[in-house]
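Source file my_file_15.cif; content: mmCIF, C-alpha atoms and all ligand atoms.
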```
data_final
loop_
_atom_site.label_atom_id
_atom_site.label_comp_id
_atom_site.auth_asym_id
_atom_site.auth_seq_id
_atom_site.Cartn_x
_atom_site.Cartn_y
_atom_site.Cartn_z
CA MET S 7 2.24 -3.24 23.98
CA ARG S 8 0.37 -1.46 21.19
CA LEU S 9 -1.36 -3.78 18.71
CA GLN S 10 0.23 -3.03 15.37
CA ILE S 11 0.11 -5.45 12.49
CA ALA S 12 2.43 -4.71 9.57
CA ILE S 13 1.60 -6.39 6.27
CA ASP S 14 4.14 -5.92 3.51
CA GLY S 15 4.51 -7.53 0.13
CA PRO S 16 4.84 -6.98 -3.60
CA ALA S 17 2.24 -5.47 -5.94
CA ALA S 18 -1.04 -7.39 -6.12
CA SER S 19 -0.01 -9.91 -3.45
CA GLY S 20 -3.39 -9.50 -1.75
CA LYS S 21 -2.11 -7.29 1.08
CA THR S 22 -4.91 -4.79 0.96
CA THR S 23 -7.72 -7.39 0.84
CA VAL S 24 -6.12 -9.39 3.62
CA ALA S 25 -5.24 -6.35 5.74
CA ARG S 26 -8.75 -4.98 5.50
CA CYS S 27 -10.45 -8.32 6.35
CA LEU S 28 -8.05 -8.79 9.21
CA ALA S 29 -8.79 -5.32 10.56
CA ASP S 30 -12.54 -6.02 10.36
CA ARG S 31 -12.11 -9.36 12.09
CA LEU S 32 -10.03 -7.86 14.90
CA ASN S 33 -12.02 -4.63 15.10
CA LEU S 34 -8.99 -2.50 14.24
CA LEU S 35 -8.45 0.48 11.98
CA TYR S 36 -6.68 -0.12 8.69
CA LEU S 37 -4.51 1.84 6.28
CA ASP S 38 -3.18 0.90 2.87
CA THR S 39 -0.10 3.12 2.63
CA GLY S 40 0.18 2.51 -1.12
CA ALA S 41 -2.88 4.74 -1.48
CA MET S 42 -0.90 7.64 0.00
CA TYR S 43 1.80 7.29 -2.67
CA ARG S 44 -0.94 6.92 -5.27
CA ALA S 45 -2.68 10.10 -4.05
CA LEU S 46 0.55 12.02 -4.47
CA ALA S 47 1.05 10.51 -7.93
CA TYR S 48 -2.50 11.52 -8.86
CA VAL S 49 -1.97 15.13 -7.80
CA ALA S 50 1.48 15.24 -9.45
CA LEU S 51 -0.02 14.11 -12.77
CA ASN S 52 -2.90 16.60 -12.52
CA THR S 53 -0.53 19.47 -11.80
CA ARG S 54 2.08 18.31 -14.36
CA THR S 55 4.72 18.32 -11.65
CA ASP S 56 8.16 17.04 -12.61
CA LEU S 57 8.13 13.47 -11.24
CA ASP S 58 11.86 13.57 -10.49
CA ASN S 59 11.71 16.82 -8.51
CA GLN S 60 11.53 15.57 -4.92
CA SER S 61 11.01 18.91 -3.25
CA ALA S 62 8.29 19.92 -5.71
CA LEU S 63 6.55 16.59 -5.06
CA VAL S 64 6.69 16.99 -1.28
CA ARG S 65 5.38 20.56 -1.53
CA LEU S 66 2.27 19.17 -3.24
CA ILE S 67 1.27 17.49 0.04
CA ASP S 68 0.74 20.87 1.72
CA GLN S 69 -0.25 22.85 -1.35
CA HIS S 70 -3.07 20.42 -2.14
CA ALA S 71 -3.85 19.39 1.45
CA ILE S 72 -3.28 15.69 0.75
CA GLY S 73 -4.42 13.98 3.92
CA VAL S 74 -5.57 10.61 5.20
CA GLU S 75 -8.15 9.75 7.82
CA LEU S 76 -8.87 6.24 9.07
CA ASP S 77 -12.60 5.49 8.92
CA ARG S 78 -14.04 2.01 8.96
CA ALA S 79 -17.22 3.26 7.27
CA ALA S 80 -15.35 4.61 4.22
CA PRO S 81 -15.41 2.53 0.99
CA LEU S 82 -11.67 1.89 1.28
CA GLY S 83 -11.56 1.67 5.09
CA PHE S 84 -9.89 5.12 5.14
CA ARG S 85 -10.31 8.37 3.29
CA ILE S 86 -7.69 10.21 1.25
CA ARG S 87 -8.42 13.76 0.30
CA ALA S 88 -6.73 16.31 -1.92
CA ASP S 89 -7.97 19.89 -2.29
CA GLY S 90 -10.90 19.01 -0.03
CA GLU S 91 -12.15 16.22 -2.34
CA GLU S 92 -12.10 12.54 -1.43
CA LEU S 93 -10.10 10.59 -4.03
CA THR S 94 -12.00 7.64 -5.47
CA PRO S 95 -10.60 4.10 -5.73
CA GLU S 96 -10.85 4.49 -9.53
CA ALA S 97 -8.65 7.60 -9.48
CA LEU S 98 -6.10 5.99 -7.19
CA GLN S 99 -5.95 2.75 -9.20
CA SER S 100 -5.96 4.29 -12.69
CA ASN S 101 -3.35 3.07 -15.18
CA ALA S 102 -1.86 6.56 -15.37
CA VAL S 103 -1.26 6.61 -11.60
CA THR S 104 -0.01 3.01 -11.52
CA SER S 105 2.53 3.69 -14.24
CA VAL S 106 4.27 6.49 -12.32
CA VAL S 107 3.73 5.66 -8.65
CA SER S 108 6.87 3.52 -8.24
CA THR S 109 9.03 6.37 -9.57
CA ILE S 110 7.53 8.73 -7.02
CA ALA S 111 7.78 6.19 -4.19
CA ALA S 112 11.50 5.69 -4.91
CA GLN S 113 12.37 9.25 -3.88
CA PRO S 114 13.83 9.48 -0.35
CA VAL S 115 12.37 12.92 0.46
CA VAL S 116 8.89 11.74 -0.55
CA ARG S 117 9.29 8.61 1.60
CA GLU S 118 10.38 10.64 4.63
CA ALA S 119 7.20 12.72 4.46
CA MET S 120 5.01 9.64 4.03
CA VAL S 121 6.71 7.68 6.81
CA ARG S 122 6.34 10.63 9.22
CA GLU S 123 2.61 10.73 8.56
CA GLN S 124 2.23 6.94 8.79
CA ARG S 125 3.98 6.88 12.17
CA ARG S 126 1.76 9.70 13.41
CA ILE S 127 -1.30 7.68 12.41
CA ALA S 128 0.02 4.57 14.14
CA GLN S 129 0.67 6.58 17.32
CA ALA S 130 -3.04 7.33 17.55
CA GLY S 131 -4.09 3.72 18.19
CA PRO S 132 -3.95 0.06 17.17
CA VAL S 133 -3.79 -0.40 13.43
CA VAL S 134 -3.30 -2.84 10.58
CA MET S 135 -0.99 -1.13 8.10
CA ALA S 136 -0.21 -2.50 4.64
CA GLY S 137 2.65 -1.44 2.36
CA ARG S 138 6.21 -2.25 1.34
CA ASP S 139 8.29 -0.92 4.24
CA ILE S 140 5.96 -1.06 7.24
CA GLY S 141 7.81 -3.84 9.07
CA THR S 142 11.27 -2.64 8.03
CA VAL S 143 11.02 1.16 8.34
CA VAL S 144 7.66 2.63 9.38
CA LEU S 145 6.93 0.41 12.40
CA PRO S 146 10.11 -1.60 13.00
CA ASP S 147 8.89 -2.42 16.55
CA ALA S 148 5.49 -3.69 15.46
CA PRO S 149 4.79 -6.89 17.40
CA HIS S 150 3.36 -8.63 14.33
CA LYS S 151 4.90 -8.53 10.87
CA ILE S 152 3.67 -10.43 7.87
CA PHE S 153 5.34 -10.53 4.46
CA LEU S 154 2.71 -11.65 2.00
CA THR S 155 3.87 -12.91 -1.34
CA ALA S 156 2.45 -14.89 -4.28
CA SER S 157 3.58 -16.04 -7.72
CA VAL S 158 3.38 -13.50 -10.56
CA GLN S 159 0.72 -15.69 -12.19
CA ALA S 160 -1.51 -15.65 -9.09
CA ARG S 161 -1.03 -11.90 -8.69
CA VAL S 162 -1.97 -11.27 -12.33
CA GLN S 163 -5.21 -13.24 -11.88
CA ARG S 164 -6.10 -11.32 -8.75
CA ARG S 165 -5.34 -7.87 -10.12
CA ARG S 166 -7.26 -8.72 -13.29
CA ARG S 167 -10.37 -9.65 -11.30
CA GLN S 168 -10.03 -6.51 -9.19
CA MET S 169 -9.69 -4.27 -12.26
CA GLU S 170 -12.60 -5.97 -14.00
CA THR S 171 -14.90 -5.33 -11.04
CA MET S 172 -13.98 -1.65 -11.47
CA GLY S 173 -14.95 -1.90 -15.15
CA VAL S 174 -11.35 -1.64 -16.42
CA ASP S 175 -10.37 -4.04 -19.21
CA VAL S 176 -6.90 -5.50 -18.85
CA ASN S 177 -4.58 -7.66 -20.85
CA ALA S 178 -2.92 -10.46 -18.83
CA HIS S 179 0.46 -10.11 -20.63
CA GLU S 180 0.57 -6.36 -20.08
CA LEU S 181 -0.45 -6.85 -16.46
CA ALA S 182 2.31 -9.42 -15.87
CA ALA S 183 4.87 -7.07 -17.43
CA GLU S 184 3.65 -4.17 -15.29
CA ILE S 185 3.74 -6.25 -12.07
CA GLU S 186 7.23 -7.54 -12.84
CA GLU S 187 8.45 -4.03 -13.60
CA ARG S 188 7.00 -2.68 -10.34
CA ASP S 189 8.59 -5.57 -8.41
CA ARG S 190 11.91 -4.66 -9.99
CA LEU S 191 11.57 -0.96 -9.14
CA ASP S 192 10.30 -1.58 -5.58
CA GLU S 193 12.98 -4.18 -4.80
CA SER S 194 15.93 -2.38 -6.37
CA ARG S 195 15.40 1.18 -5.14
CA ALA S 196 18.02 2.50 -2.72
CA ALA S 197 15.52 4.01 -0.25
CA SER S 198 13.65 1.35 1.79
CA PRO S 199 13.60 -1.37 -0.86
CA LEU S 200 10.88 -4.00 -0.66
CA ARG S 201 12.10 -6.91 1.46
CA PRO S 202 10.79 -8.91 4.41
CA ALA S 203 11.76 -7.65 7.88
CA ARG S 204 14.09 -10.07 9.65
CA ASP S 205 11.32 -10.93 12.12
CA ALA S 206 8.47 -11.13 9.57
CA VAL S 207 6.45 -14.28 8.98
CA VAL S 208 6.50 -14.94 5.23
CA ILE S 209 3.24 -16.28 3.79
CA ASP S 210 3.07 -17.45 0.18
CA SER S 211 -0.59 -17.04 -0.69
CA SER S 212 -0.40 -18.34 -4.30
CA ALA S 213 -2.67 -21.28 -3.46
CA MET S 214 -4.55 -19.73 -0.53
CA SER S 215 -7.81 -17.81 -0.40
CA ALA S 216 -7.82 -14.41 1.29
CA ALA S 217 -9.93 -15.93 4.10
CA ALA S 218 -7.33 -18.66 4.67
CA VAL S 219 -4.55 -16.05 4.87
CA VAL S 220 -6.60 -14.03 7.37
CA ASP S 221 -7.16 -17.17 9.49
CA ARG S 222 -3.45 -17.86 9.44
CA ILE S 223 -2.57 -14.31 10.53
CA CYS S 224 -5.22 -14.39 13.28
CA ALA S 225 -3.60 -17.56 14.60
CA ILE S 226 -0.21 -15.80 14.59
CA VAL S 227 -1.56 -12.67 16.31
CA ASP S 228 -3.51 -14.59 18.96
CA PRO S 229 -2.46 -18.24 19.13
CA ALA S 230 -4.89 -18.84 22.02
CA ALA S 231 -7.99 -17.76 20.06
O1 LIG D 1 0.45 -1.31 -3.03
P1 LIG D 1 0.31 -0.34 -4.21
O2 LIG D 1 0.42 -1.00 -5.54
O3 LIG D 1 -0.91 0.51 -4.11
O4 LIG D 1 1.57 0.64 -4.05
C1 LIG D 1 1.79 1.69 -4.95
C2 LIG D 1 3.27 2.01 -5.01
O5 LIG D 1 3.68 2.65 -3.82
C3 LIG D 1 4.18 0.80 -5.21
O6 LIG D 1 4.82 0.89 -6.46
C4 LIG D 1 5.20 0.88 -4.12
C5 LIG D 1 4.89 2.10 -3.35
N1 LIG D 1 4.76 1.88 -1.91
C6 LIG D 1 5.89 2.03 -1.15
O7 LIG D 1 6.95 2.27 -1.72
N2 LIG D 1 5.83 1.94 0.19
C7 LIG D 1 4.67 1.65 0.80
N3 LIG D 1 4.64 1.55 2.13
C8 LIG D 1 3.50 1.46 0.03
C9 LIG D 1 3.59 1.57 -1.34
#
```

For this file, produce the structure as C-alpha cells.
Amino acid sequence: MRLQIAIDGPAASGKTTVARCLADRLNLLYLDTGAMYRALAYVALNTRTDLDNQSALVRLIDQHAIGVELDRAAPLGFRIRADGEELTPEALQSNAVTSVVSTIAAQPVVREAMVREQRRIAQAGPVVMAGRDIGTVVLPDAPHKIFLTASVQARVQRRRRQMETMGVDVNAHELAAEIEERDRLDESRAASPLRPARDAVVIDSSAMSAAAVVDRICAIVDPAA
C-alpha cells in the first residue's frame, strides 16, 4: 500500500508545521495544498481577475503556468511557480491573498482543477499532504488520516508568531476575527467543506507542541517504531 498521510484541519491549526516535520522525520515528500489555492489567489489579484468567475480563475492556471514541484531542499518543502517565477512565502501569506483565498477555494471548478493536480502528485510517490479536503476528497483511500484542530486562541497565538517572524505586524483581535471568518467559509461551503473524514484520527493540539503532535502521528503511522 502506498504511504500517504493526509493532514487536514482549520486555518492556523499547525498542519503545515506538523506535516513538514513529519515528512522530514519519515523521509517523505510534503505538500501544503493551501499554497496552491494561495498561488491562484495571488495571480488572480495581480491580474485583477473577477474572483467569482470560476472559468476565468481556472484559465489562469494555464495562462500563468501555475505549477507545483515537491522538493525537500526548497524553503517551503515544495516550489510553486507562476510565470516562471517561484512565489515567495511572503507573497503567498500576504494579507491581500489571505483575505480572498477562501472565496476562490469555495468554487467547485477551481477545486476540481486543484484536486486533479494533487492526485497526480500523490500518484508519483509517498507523500504527506496537508489541506482541508485531503482525507475526504483528494486521497479518500489514504491509509493514514489526521484531523488536526486547536482552539481559536491557540491558533491566533501561533499565526501571530509565524507572521511576526516574517516581519508582519498583526493585531490579535483582527487575527481572531479573520480565523473565525475563514473557519466559517471553509466549513459552510457546498463544495468539499472542511470536516474530518470518517476514518480520521482527530488531534486537538491546543496544549501540545508541534513535536508532540509529530510524535503522536508517528506512533499512529508505525505503532511498532
Ligand atoms: O491552509 P491555508 O490557510 O494556507 O489555506 C488557504 C485557503 O485554501 C483556506 O481558506 C482553505 C483553502 N484550502 C482548501 O479549500 N482546500 C485545501 N486542500 C487547502 C486549502

With 7 Å as the cut-off and all atoms listed in the file counted, what is the closest atom pair between each nearby residue of chain S and ligand LIG 1 (chain D)? Distances in Å to one decimal, ordered by chain and number, as a tab-separated table.
```
residue	atom	partner	partner_atom	distance
S:Ala17	CA	D:LIG1	O2	4.8
S:Ala18	CA	D:LIG1	O2	6.6
S:Thr39	CA	D:LIG1	C8	4.7
S:Gly40	CA	D:LIG1	C9	3.5
S:Ala41	CA	D:LIG1	O3	5.4
S:Tyr43	CA	D:LIG1	O5	5.1
S:Arg44	CA	D:LIG1	C1	5.9
S:Thr104	CA	D:LIG1	C1	6.9
S:Val107	CA	D:LIG1	C2	5.2
S:Ser108	CA	D:LIG1	O6	3.8
S:Ala111	CA	D:LIG1	O7	4.7
S:Ala112	CA	D:LIG1	O7	6.5
S:Ala136	CA	D:LIG1	N3	6.8
S:Gly137	CA	D:LIG1	N3	3.6
S:Arg138	CA	D:LIG1	N3	4.2
S:Asp139	CA	D:LIG1	N3	4.9
S:Ile140	CA	D:LIG1	N3	5.9
S:Arg188	CA	D:LIG1	O6	5.7
S:Asp192	CA	D:LIG1	C4	5.8
```

Please return as a VMD selection string every residue within 12 Å of (-2.3, -17.4, -10.1), taking into account all atoms listed in the file and the file's own coordinates. chain S and resid 18 to 20 155 to 167 178 182 210 to 215

Atom CA of S:Met42 sits from atom CA of S:Asp205 at a separation of 25.3 Å

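Atom CA of S:Glu123 is positioned 16.2 Å from atom CA of S:Ala148.
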
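Between atom CA of S:Leu154 and atom CA of S:Ala128 lies a distance of 20.4 Å.
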
Could you work out an axis-aligned bounding box for all listed atoms of stretch 203-216 of chain S, with 4 Å added on each of the six sides, and give its centre and edge lengths in Å to one decimal, as lines of an AutoDock Vina configuration file?
```
center_x = 3.1
center_y = -14.5
center_z = 3.9
size_x = 29.9
size_y = 21.6
size_z = 24.4
```

Tell me which protein, DNA and RNA residues are within 12 Å of S:Pro114, counting all atoms listed in the file, leaving out same-chain ones fewer than 6 positions away, and put them as a PyMOL selection string. chain S and resi 58-61+63-64+120-121+195-199

Preceding selection exported with C-alpha atoms as an mmCIF file, in the coordinates of the input:
```
data_model
loop_
_atom_site.group_PDB
_atom_site.id
_atom_site.type_symbol
_atom_site.label_atom_id
_atom_site.label_comp_id
_atom_site.auth_asym_id
_atom_site.auth_seq_id
_atom_site.Cartn_x
_atom_site.Cartn_y
_atom_site.Cartn_z
ATOM 1 C CA ASP S 58 11.860 13.570 -10.490
ATOM 2 C CA ASN S 59 11.710 16.820 -8.510
ATOM 3 C CA GLN S 60 11.530 15.570 -4.920
ATOM 4 C CA SER S 61 11.010 18.910 -3.250
ATOM 5 C CA LEU S 63 6.550 16.590 -5.060
ATOM 6 C CA VAL S 64 6.690 16.990 -1.280
ATOM 7 C CA MET S 120 5.010 9.640 4.030
ATOM 8 C CA VAL S 121 6.710 7.680 6.810
ATOM 9 C CA ARG S 195 15.400 1.180 -5.140
ATOM 10 C CA ALA S 196 18.020 2.500 -2.720
ATOM 11 C CA ALA S 197 15.520 4.010 -0.250
ATOM 12 C CA SER S 198 13.650 1.350 1.790
ATOM 13 C CA PRO S 199 13.600 -1.370 -0.860
#
```

Do you know which residues are at most 9 Å from S:Thr142 counting only C-alpha atoms, after dropping those on the same chain fewer than 5 positions away, and could you put them as a ChimeraX atom specification? /S:147,198,200-204

Go through S:Ile209, S:Leu82, S:Ala47, S:Leu98 one by one, measure the shortest atom-to-atom distance of each to S:Arg26 using all atoms listed in the file, and give the residue with the smallest value. S:Leu82

Quick one: which stretch 92-155 of chain S residues come within 9 Å of stretch 171-174 of chain S, and what is the nearest atom pair for each with the distance in Å to one decimal, counting only C-alpha atoms, rows ordered by chain and ascending number, as a Markdown table?
```
| residue | atom | partner | partner_atom | distance |
| --- | --- | --- | --- | --- |
| S:Pro95 | CA | S:Met172 | CA | 8.8 |
| S:Glu96 | CA | S:Met172 | CA | 7.2 |
| S:Ser100 | CA | S:Val174 | CA | 8.8 |
```

Restricting the calculation to all atoms listed in the file: of S:Arg31, S:Arg117, S:His70, S:Arg87, which residue gets closest to S:Ala50? S:His70

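Among the candidates S:Ala62, S:Leu9, S:Ile110, S:Leu37, the residue lying nearest to S:Glu75 is S:Leu37 (atoms considered: all atoms listed in the file).
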
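Considering all atoms listed in the file, the residue among S:Leu32, S:Thr22, S:Asn52, S:Arg85 positioned nearest to S:Pro132 is S:Leu32.
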
Identify the residues within 7 Å of coordinate (1.9, -11.1, 20.4) (same frame as the file), considering only C-alpha atoms, and give the answer as number ranges by chain. S: 149-150, 227-228

Same residues, C-alpha atoms, saved as a PDB file, in the coordinates of the input:
```pdb
ATOM      1  CA  PRO S 149       4.790  -6.890  17.400  1.00  0.00           C
ATOM      2  CA  HIS S 150       3.360  -8.630  14.330  1.00  0.00           C
ATOM      3  CA  VAL S 227      -1.560 -12.670  16.310  1.00  0.00           C
ATOM      4  CA  ASP S 228      -3.510 -14.590  18.960  1.00  0.00           C
TER       5      ASP S 228
END
```

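The closest residue to S:Ala216, picked from S:Gln113, S:Gln10, S:Val133, S:Cys27 and counting all atoms listed in the file, is S:Cys27.
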
Might you pull out every residue within 9 Å of S:Asp89, with all atoms listed in the file counted and same-chain residues fewer than 4 positions away left off, and present them as a PyMOL selection string? chain S and resi 69-72
